Each structure stands twice: as C-alpha cells, then as structure tokens.
>>> print(open('structure11.csv').read())   # CSV, C-alpha atoms
chain,number,residue,atom,x,y,z
A,1,ASP,CA,157.9,132.4,67.5
A,2,ILE,CA,155.2,135.0,68.0
A,3,GLN,CA,155.6,136.9,71.2
A,4,MET,CA,152.7,138.6,73.0
A,5,THR,CA,153.4,141.7,75.2
A,6,GLN,CA,150.6,142.4,77.5
A,7,SER,CA,150.2,145.6,79.7
A,8,PRO,CA,149.8,146.6,82.4
A,9,SER,CA,150.7,143.6,84.6
A,10,THR,CA,148.6,145.0,87.4
A,11,LEU,CA,145.7,147.5,87.3
A,12,SER,CA,143.9,149.1,90.2
A,13,ALA,CA,140.4,150.3,89.5
A,14,SER,CA,137.1,151.0,91.2
A,15,VAL,CA,133.6,149.6,90.4
A,16,GLY,CA,132.2,151.6,87.5
A,17,ASP,CA,135.6,152.5,86.0
A,18,ARG,CA,136.4,152.0,82.3
A,19,VAL,CA,139.3,149.6,82.1
A,20,THR,CA,141.6,149.0,79.1
A,21,ILE,CA,144.2,146.2,78.7
A,22,THR,CA,146.5,146.0,75.8
A,23,CYS,CA,148.4,143.2,74.0
A,24,ARG,CA,150.9,143.7,71.2
A,25,ALA,CA,152.0,140.9,68.9
A,26,SER,CA,155.5,140.6,67.6
A,27,GLN,CA,154.2,140.0,64.1
A,28,SER,CA,150.9,139.9,62.2
A,29,ILE,CA,148.4,137.4,63.7
A,30,SER,CA,145.5,138.3,61.4
A,31,ASN,CA,143.2,139.0,64.3
A,32,TRP,CA,143.5,135.5,65.6
A,33,LEU,CA,143.4,136.7,69.2
A,34,ALA,CA,141.4,135.7,72.2
A,35,TRP,CA,140.9,137.2,75.7
A,36,TYR,CA,140.3,135.2,78.8
A,37,GLN,CA,139.3,135.9,82.4
A,38,GLN,CA,140.8,133.7,85.1
A,39,LYS,CA,139.8,133.7,88.8
A,40,PRO,CA,141.9,132.0,91.5
A,41,GLY,CA,141.7,128.2,91.4
A,42,LYS,CA,139.7,128.2,88.2
A,43,ALA,CA,140.3,127.5,84.5
A,44,PRO,CA,140.4,130.5,82.2
A,45,LYS,CA,137.1,131.6,80.7
A,46,LEU,CA,136.8,132.8,77.1
A,47,LEU,CA,135.6,136.3,76.7
A,48,ILE,CA,136.5,137.4,73.2
A,49,TYR,CA,137.6,135.5,70.1
A,50,LYS,CA,138.8,136.7,66.7
A,51,ALA,CA,139.9,140.0,68.4
A,52,SER,CA,136.4,141.5,68.7
A,53,SER,CA,133.8,138.8,68.8
A,54,LEU,CA,132.0,138.4,72.1
A,55,GLU,CA,131.6,134.8,73.3
A,56,THR,CA,128.1,133.7,74.0
A,57,GLY,CA,126.9,134.6,77.5
A,58,VAL,CA,129.6,137.2,78.1
A,59,PRO,CA,128.3,140.6,79.3
A,60,SER,CA,128.3,143.3,76.7
A,61,ARG,CA,130.5,145.5,78.9
A,62,PHE,CA,133.4,143.5,77.6
A,63,SER,CA,134.7,144.4,74.1
A,64,GLY,CA,137.7,143.8,72.0
A,65,SER,CA,139.4,145.8,69.3
A,66,ALA,CA,142.4,145.6,67.0
A,67,SER,CA,144.7,147.9,65.2
A,68,GLY,CA,147.4,146.2,63.3
A,69,THR,CA,149.3,144.1,65.8
A,70,GLU,CA,147.9,145.9,68.8
A,71,PHE,CA,144.8,144.5,70.6
A,72,THR,CA,142.7,146.0,73.3
A,73,LEU,CA,140.3,144.5,75.8
A,74,THR,CA,137.9,147.1,77.3
A,75,ILE,CA,135.6,146.7,80.2
A,76,SER,CA,133.2,149.7,79.9
A,77,SER,CA,132.0,149.7,83.5
A,78,LEU,CA,133.9,147.5,85.9
A,79,GLN,CA,131.7,145.3,88.1
A,80,PRO,CA,132.6,143.5,91.3
A,81,ASP,CA,132.7,140.1,89.5
A,82,ASP,CA,135.3,141.5,87.1
A,83,PHE,CA,138.2,141.6,89.5
A,84,ALA,CA,140.3,138.8,88.1
A,85,THR,CA,143.3,138.2,85.9
A,86,TYR,CA,143.0,138.6,82.2
A,87,TYR,CA,145.1,137.0,79.5
A,88,CYS,CA,145.4,137.5,75.7
A,89,GLN,CA,146.2,134.6,73.5
A,90,GLN,CA,147.3,134.5,69.8
A,91,TYR,CA,146.3,131.4,67.9
A,92,ASN,CA,147.4,132.3,64.4
A,93,SER,CA,150.6,130.3,64.6
A,94,TYR,CA,150.6,127.8,67.4
A,95,TRP,CA,149.6,129.5,70.6
A,96,THR,CA,151.1,132.2,72.8
A,97,PHE,CA,149.6,133.7,75.9
A,98,GLY,CA,150.3,137.2,77.2
A,99,GLN,CA,151.8,137.6,80.6
A,100,GLY,CA,148.5,138.5,82.2
A,101,THR,CA,146.9,141.6,83.8
A,102,LYS,CA,145.6,141.4,87.3
A,103,VAL,CA,142.7,143.8,87.9
A,104,GLU,CA,142.6,144.7,91.6
A,105,ILE,CA,140.2,146.8,93.7
A,106,LYS,CA,141.5,150.3,94.2
B,1,GLN,CA,128.0,119.7,76.8
B,2,LEU,CA,131.7,118.9,76.2
B,3,GLN,CA,133.6,118.1,79.3
B,4,LEU,CA,137.3,117.4,79.8
B,5,GLN,CA,138.9,115.8,82.8
B,6,GLU,CA,142.6,115.5,83.6
B,7,SER,CA,144.0,112.6,85.5
B,8,GLY,CA,147.5,111.3,86.4
B,9,SER,CA,150.2,111.4,89.0
B,10,GLY,CA,150.2,114.5,91.2
B,11,LEU,CA,153.7,113.9,92.4
B,12,VAL,CA,156.7,113.2,90.2
B,13,LYS,CA,160.3,112.8,91.1
B,14,PRO,CA,163.0,115.0,89.4
B,15,SER,CA,164.4,113.5,86.2
B,16,GLN,CA,161.3,111.2,85.8
B,17,THR,CA,158.5,111.5,83.3
B,18,LEU,CA,155.2,113.3,84.0
B,19,SER,CA,152.2,111.5,82.5
B,20,LEU,CA,148.7,112.9,82.3
B,21,THR,CA,145.5,111.9,80.5
B,22,CYS,CA,142.5,114.0,79.5
B,23,ALA,CA,139.2,112.1,79.2
B,24,VAL,CA,136.7,113.8,76.8
B,25,SER,CA,133.0,113.3,77.2
B,26,GLY,CA,130.0,114.9,75.5
B,27,GLY,CA,131.9,115.0,72.2
B,28,SER,CA,134.3,113.0,70.1
B,29,ILE,CA,138.0,113.6,69.6
B,30,SER,CA,137.6,112.1,66.1
B,31,SER,CA,135.4,115.0,64.9
B,32,GLY,CA,137.6,117.4,62.9
B,33,GLY,CA,138.3,121.1,63.2
B,34,TYR,CA,139.6,121.2,66.7
B,35,SER,CA,143.0,121.0,68.5
B,36,TRP,CA,143.3,119.0,71.7
B,37,SER,CA,145.7,120.9,73.8
B,38,TRP,CA,147.7,121.0,77.0
B,39,ILE,CA,148.5,124.2,78.9
B,40,ARG,CA,150.2,124.7,82.2
B,41,GLN,CA,150.4,127.3,84.9
B,42,PRO,CA,153.1,127.4,87.5
B,43,PRO,CA,151.8,128.5,90.9
B,44,GLY,CA,151.2,132.3,90.9
B,45,LYS,CA,152.4,132.6,87.3
B,46,GLY,CA,150.9,132.9,83.8
B,47,LEU,CA,149.6,130.4,81.3
B,48,GLU,CA,152.1,128.5,79.1
B,49,TRP,CA,151.0,126.5,76.0
B,50,ILE,CA,152.6,123.0,75.9
B,51,GLY,CA,151.3,121.6,72.7
B,52,TYR,CA,148.3,120.2,70.8
B,53,ILE,CA,147.2,117.3,68.7
B,54,TYR,CA,144.6,116.9,66.0
B,55,HIS,CA,142.4,113.9,65.4
B,56,SER,CA,144.7,113.1,62.5
B,57,GLY,CA,147.5,112.6,64.9
B,58,SER,CA,149.5,115.6,63.8
B,59,THR,CA,151.2,117.3,66.8
B,60,TYR,CA,152.6,120.7,67.4
B,61,TYR,CA,154.7,121.6,70.4
B,62,ASN,CA,156.0,124.7,72.2
B,63,PRO,CA,159.6,125.1,70.9
B,64,SER,CA,160.8,125.6,74.4
B,65,LEU,CA,159.5,122.2,75.5
B,66,LYS,CA,159.6,120.3,72.3
B,67,SER,CA,162.5,118.0,73.1
B,68,ARG,CA,160.7,116.7,76.2
B,69,VAL,CA,157.1,116.6,75.2
B,70,THR,CA,154.9,113.9,73.6
B,71,ILE,CA,151.2,114.2,73.1
B,72,SER,CA,149.2,111.3,71.8
B,73,VAL,CA,145.6,110.4,71.2
B,74,ASP,CA,143.5,107.3,71.9
B,75,MET,CA,140.4,107.5,69.8
B,76,SER,CA,139.0,104.2,71.2
B,77,LYS,CA,139.0,105.7,74.7
B,78,ASN,CA,138.2,109.3,73.5
B,79,GLN,CA,141.2,110.6,75.4
B,80,PHE,CA,144.5,112.2,74.8
B,81,SER,CA,147.7,112.2,76.8
B,82,LEU,CA,150.7,114.2,77.8
B,83,ARG,CA,154.2,112.9,78.6
B,84,LEU,CA,156.9,115.3,79.8
B,85,SER,CA,160.3,113.8,80.3
B,86,SER,CA,163.2,114.8,82.5
B,87,VAL,CA,161.1,117.0,84.8
B,88,THR,CA,162.6,119.5,87.3
B,89,ALA,CA,161.0,121.7,89.9
B,90,ALA,CA,160.3,124.2,87.2
B,91,ASP,CA,157.7,121.9,85.7
B,92,THR,CA,155.6,122.1,88.9
B,93,ALA,CA,152.3,123.6,87.7
B,94,VAL,CA,148.6,123.2,87.3
B,95,TYR,CA,148.2,121.3,84.0
B,96,TYR,CA,145.0,121.9,81.9
B,97,CYS,CA,143.7,120.1,79.0
B,98,ALA,CA,141.5,122.0,76.5
B,99,ARG,CA,139.9,122.0,73.1
B,100,GLY,CA,140.9,124.8,70.8
B,101,GLY,CA,139.4,126.0,67.5
B,102,ILE,CA,138.8,129.1,65.4
B,103,PHE,CA,136.7,130.5,68.2
B,104,GLY,CA,139.4,130.2,70.8
B,105,VAL,CA,139.5,127.9,73.7
B,106,VAL,CA,135.9,127.5,75.0
B,107,HIS,CA,136.3,124.2,76.8
B,108,TRP,CA,138.9,123.6,79.5
B,109,GLY,CA,139.5,120.8,82.1
B,110,GLN,CA,139.4,121.8,85.7
B,111,GLY,CA,143.2,121.5,85.9
B,112,THR,CA,145.4,119.2,87.9
B,113,LEU,CA,148.4,120.2,90.1
B,114,VAL,CA,151.6,118.3,89.4
B,115,THR,CA,154.4,118.7,91.9
B,116,VAL,CA,158.0,117.8,91.1
B,117,SER,CA,159.7,116.8,94.2
B,118,SER,CA,161.9,114.0,95.6
>>> encode(input="structure11.csv", output="structure tokens")
Amino acid sequence: DIQMTQSPSTLSASVGDRVTITCRASQSISNWLAWYQQKPGKAPKLLIYKASSLETGVPSRFSGSASGTEFTLTISSLQPDDFATYYCQQYNSYWTFGQGTKVEIK
Amino acid sequence: QLQLQESGSGLVKPSQTLSLTCAVSGGSISSGGYSWSWIRQPPGKGLEWIGYIYHSGSTYYNPSLKSRVTISVDMSKNQFSLRLSSVTAADTAVYYCARGGIFGVVHWGQGTLVTVSS
C-alpha cells in the first residue's frame, strides 16, 4: 500500500501570507497526485491534478510542484476564501489520501 | 454537467449491512476511462477511499475494508452501489460517491451521512 504523509496538520496564517503544504509518498507515484480543498459540510474540490496542473477555474495563486516523492501545494497570497482543509491524494496505485491540513486564521 | 447523487439508509444497526446507491446524470457510466468510486469521511476526520468500479465491472477495494465491501454497477439504471457488511460505530461517516480519472476527482456527490447505532 502507498502511504501519504501530509504536513502540517494545522497551519495558522494571515490574509496575504504565502502558504506551503507538503505531502510525501512512501514510494514512487509518478506524479499521479492531486490536491483538494474542502470546506465544512461540502464535498472536496479539485485544485491540482498530475502534481502541478491547475484545474480549470481554480485561481492562479494555487500551484503544485513535485520533487521525487515529495509534493507541495503553495498558495501564493492567502485570501479569505482559502481558509479550509486541504488534502493530497495519490492515484497511481489505487487511491490514498493524506491526513489533511487545516488552514486557520492567525 | 455530470451530477452524482447518493441515496440509502441513513441509520444502520451494528452488525448489519450498509447499502448506498449513487445515481449518475449528465453522463453515462458505460463510457470508459473513469472509475466510479466511494469515499467516506468520519465526523471531524479525514477522507478514506473505500473502492471503485470500472464500467467493465472490475473492482478495486481498500485492503483495510476489502473483506466487507462490495461495489456493483447497474448500467441500465446508470447507477452504482456500495454494500458494507458487519458495520460498527467506526463506520459512521459521510459517504461520497465520485468519478475519478487521470485528471483526479472532479465530480463528487454531495455526500450522505450514515450513522451506525442501535
């Protein structure tokens, strides 16, 4: 089984901050990684697929990158609508989600 | 616009079987290239993949749930279903159906809360 280790579990930040969330895969997933944003009571929303491709309609302040088995989601300038929980997901071999990162208001 | 809608019992007794159905509209399950998936989220916790099925009928399950899970598809009704047997309180969660592909999971159902309680 492929394990995804996501960090941090909670992140306190202010509007305008640059925010980085990391996911590490336990083995190669060939960049088959997605990032989702979830708000309370709602289904997750796809932000990034194939590690660095921006989903249509998602603001350009969101970006994804990869280095080996380490993947990063960056929000370049945090906006009020961005306070939410973020999950990574590998879909190279079945699916595995990271534990989630809650982005809170500082 | 593809839409998915979960339905089924919201309350299940311990040791019984949870059954949910996902109705798909705006697209056909029989079109290839996608997985038709179930994901769950216990209250206040993270997402857990349960399993998925392809239009061919091939199924893939989370190893931690495999012994209790069955996912099936009904092409005539354009829907797919989840059965989870021998449920306990730990199976209480919001259950989502979704369509997956090489671009990740774009389409999700709204989710349905299933509570396991006597």
>>> residues_around(input="structure11.csv", residues="segment 25-40 of chain A", least_positions_apart="6", cutoff="10 Å", atoms="all atoms listed in the file", output="PyMOL selection string")
(chain A and resi 1-6+46-55+62-73+81-93+95-98+100-102) or (chain B and resi 44+102-106)
>>> residues_near_point(input="structure11.csv", point="(160.2, 122.8, 80.0)", cutoff="12 Å", atoms="only C-alpha atoms", output="PyMOL selection string")
chain B and resi 15+17-18+39-42+48-51+61-69+83-93
>>> closest_residue(input="structure11.csv", among="A:Ile21, A:Ile105, A:Ile75, A:Val58", to="chain B", atoms="all atoms listed in the file")
A:Val58
>>> closest_residue(input="structure11.csv", among="A:Thr56, A:Ser12, A:Thr74, A:Thr20", to="chain B", atoms="all atoms listed in the file")
A:Thr56
>>> axis_aligned_box(input="structure11.csv", around="segment 58-68 of chain B", padding_each_side="3 Å", output="JSON")
{"center_x": 156.0, "center_y": 120.6, "center_z": 70.0, "size_x": 19.0, "size_y": 16.0, "size_z": 18.4}
>>> atom_distance(input="structure11.csv", atom1="atom CA of Asn78 of chain B", atom2="atom CA of Leu11 of chain B")
24.9 Å
>>> closest_residue(input="structure11.csv", among="B:Ser118, B:Ser19, B:Val12, B:His107", to="Tyr34 of chain B", atoms="all atoms listed in the file")
B:His107
>>> atom_distance(input="structure11.csv", atom1="atom CA of Val103 of chain A", atom2="atom CA of Gly46 of chain B")
14.2 Å
>>> atom_distance(input="structure11.csv", atom1="atom CA of Gln5 of chain B", atom2="atom CA of Val114 of chain B")
14.5 Å
>>> closest_residue(input="structure11.csv", among="B:Leu82, B:Leu20, B:Val94, B:Leu2", to="chain A", atoms="only C-alpha atoms")
B:Val94
>>> residues_around(input="structure11.csv", residues="Lys13 of chain B", least_positions_apart="2", cutoff="6 Å", atoms="only C-alpha atoms", output="list in words")
Gln16, Val116, Ser117 and Ser118 of chain B
>>> closest_residue(input="structure11.csv", among="B:Gln79, B:Ser37, B:Gln1, B:Ser72", to="chain A", atoms="only C-alpha atoms")
B:Ser37
>>> closest_residue(input="structure11.csv", among="B:Ser81, B:Tyr60, B:Glu6, B:Val73", to="chain A", atoms="only C-alpha atoms")
B:Tyr60
>>> residues_around(input="structure11.csv", residues="Ser76 of chain B", least_positions_apart="5", cutoff="12 Å", atoms="only C-alpha atoms", output="list in words")
Ala23, Val24, Ser28, Ile29, Ser30 and His55 of chain B
>>> write_last_selection(input="structure11.csv", atoms="C-alpha atoms", output="compact mmCIF listing (two decimals), in the frame of the given file")
# COMPACT_ATOMS: atom_id res chain seq x y z
CA ALA B 23 139.20 112.10 79.20
CA VAL B 24 136.70 113.80 76.80
CA SER B 28 134.30 113.00 70.10
CA ILE B 29 138.00 113.60 69.60
CA SER B 30 137.60 112.10 66.10
CA HIS B 55 142.40 113.90 65.40
>>> build_atoms(input="structure11.csv", residues="segment 21-46 of chain A", atoms="N, CA and C atoms", output="tab-separated table (two decimals), in the frame of the given file")
chain	number	residue	atom	x	y	z
A	21	ILE	N	143.01	147.03	78.69
A	21	ILE	CA	144.20	146.20	78.70
A	21	ILE	C	144.67	145.98	77.29
A	22	THR	N	145.97	146.02	77.11
A	22	THR	CA	146.50	146.00	75.80
A	22	THR	C	147.48	144.78	75.58
A	23	CYS	N	147.44	144.22	74.39
A	23	CYS	CA	148.40	143.20	74.00
A	23	CYS	C	148.95	143.55	72.63
A	24	ARG	N	150.25	143.39	72.51
A	24	ARG	CA	150.90	143.70	71.20
A	24	ARG	C	151.59	142.40	70.75
A	25	ALA	N	151.33	142.04	69.50
A	25	ALA	CA	152.00	140.90	68.90
A	25	ALA	C	153.25	141.26	68.20
A	26	SER	N	154.21	140.35	68.21
A	26	SER	CA	155.50	140.60	67.60
A	26	SER	C	155.46	140.59	66.07
A	27	GLN	N	154.38	140.05	65.52
A	27	GLN	CA	154.20	140.00	64.10
A	27	GLN	C	152.68	139.88	63.82
A	28	SER	N	152.31	139.98	62.55
A	28	SER	CA	150.90	139.90	62.20
A	28	SER	C	150.29	138.55	62.66
A	29	ILE	N	149.11	138.62	63.28
A	29	ILE	CA	148.40	137.40	63.70
A	29	ILE	C	146.98	137.40	63.06
A	30	SER	N	146.76	138.30	62.12
A	30	SER	CA	145.50	138.30	61.40
A	30	SER	C	144.26	138.26	62.26
A	31	ASN	N	144.34	138.94	63.37
A	31	ASN	CA	143.20	139.00	64.30
A	31	ASN	C	142.83	137.72	64.99
A	32	TRP	N	143.74	136.72	64.90
A	32	TRP	CA	143.50	135.50	65.60
A	32	TRP	C	143.92	135.63	67.05
A	33	LEU	N	143.11	136.39	67.79
A	33	LEU	CA	143.40	136.70	69.20
A	33	LEU	C	142.21	136.53	70.05
A	34	ALA	N	142.45	135.96	71.21
A	34	ALA	CA	141.40	135.70	72.20
A	34	ALA	C	141.76	136.38	73.52
A	35	TRP	N	140.73	136.68	74.29
A	35	TRP	CA	140.90	137.20	75.70
A	35	TRP	C	140.19	136.27	76.63
A	36	TYR	N	140.86	136.03	77.77
A	36	TYR	CA	140.30	135.20	78.80
A	36	TYR	C	140.33	135.86	80.14
A	37	GLN	N	139.40	135.47	80.98
A	37	GLN	CA	139.30	135.90	82.40
A	37	GLN	C	139.62	134.69	83.24
A	38	GLN	N	140.49	134.85	84.23
A	38	GLN	CA	140.80	133.70	85.10
A	38	GLN	C	140.63	134.21	86.58
A	39	LYS	N	139.91	133.43	87.36
A	39	LYS	CA	139.80	133.70	88.80
A	39	LYS	C	140.57	132.61	89.54
A	40	PRO	N	141.01	132.90	90.77
A	40	PRO	CA	141.90	132.00	91.50
A	40	PRO	C	141.28	130.57	91.61
A	41	GLY	N	142.12	129.58	91.29
A	41	GLY	CA	141.70	128.20	91.40
A	41	GLY	C	140.80	127.69	90.29
A	42	LYS	N	140.57	128.52	89.28
A	42	LYS	CA	139.70	128.20	88.20
A	42	LYS	C	140.39	128.16	86.85
A	43	ALA	N	139.83	127.42	85.90
A	43	ALA	CA	140.30	127.50	84.50
A	43	ALA	C	139.96	128.82	83.91
A	44	PRO	N	140.74	129.27	82.95
A	44	PRO	CA	140.40	130.50	82.20
A	44	PRO	C	139.01	130.37	81.56
A	45	LYS	N	138.37	131.53	81.38
A	45	LYS	CA	137.10	131.60	80.70
A	45	LYS	C	137.20	132.48	79.49
A	46	LEU	N	136.76	132.00	78.34
A	46	LEU	CA	136.80	132.80	77.10
A	46	LEU	C	135.87	133.94	77.15
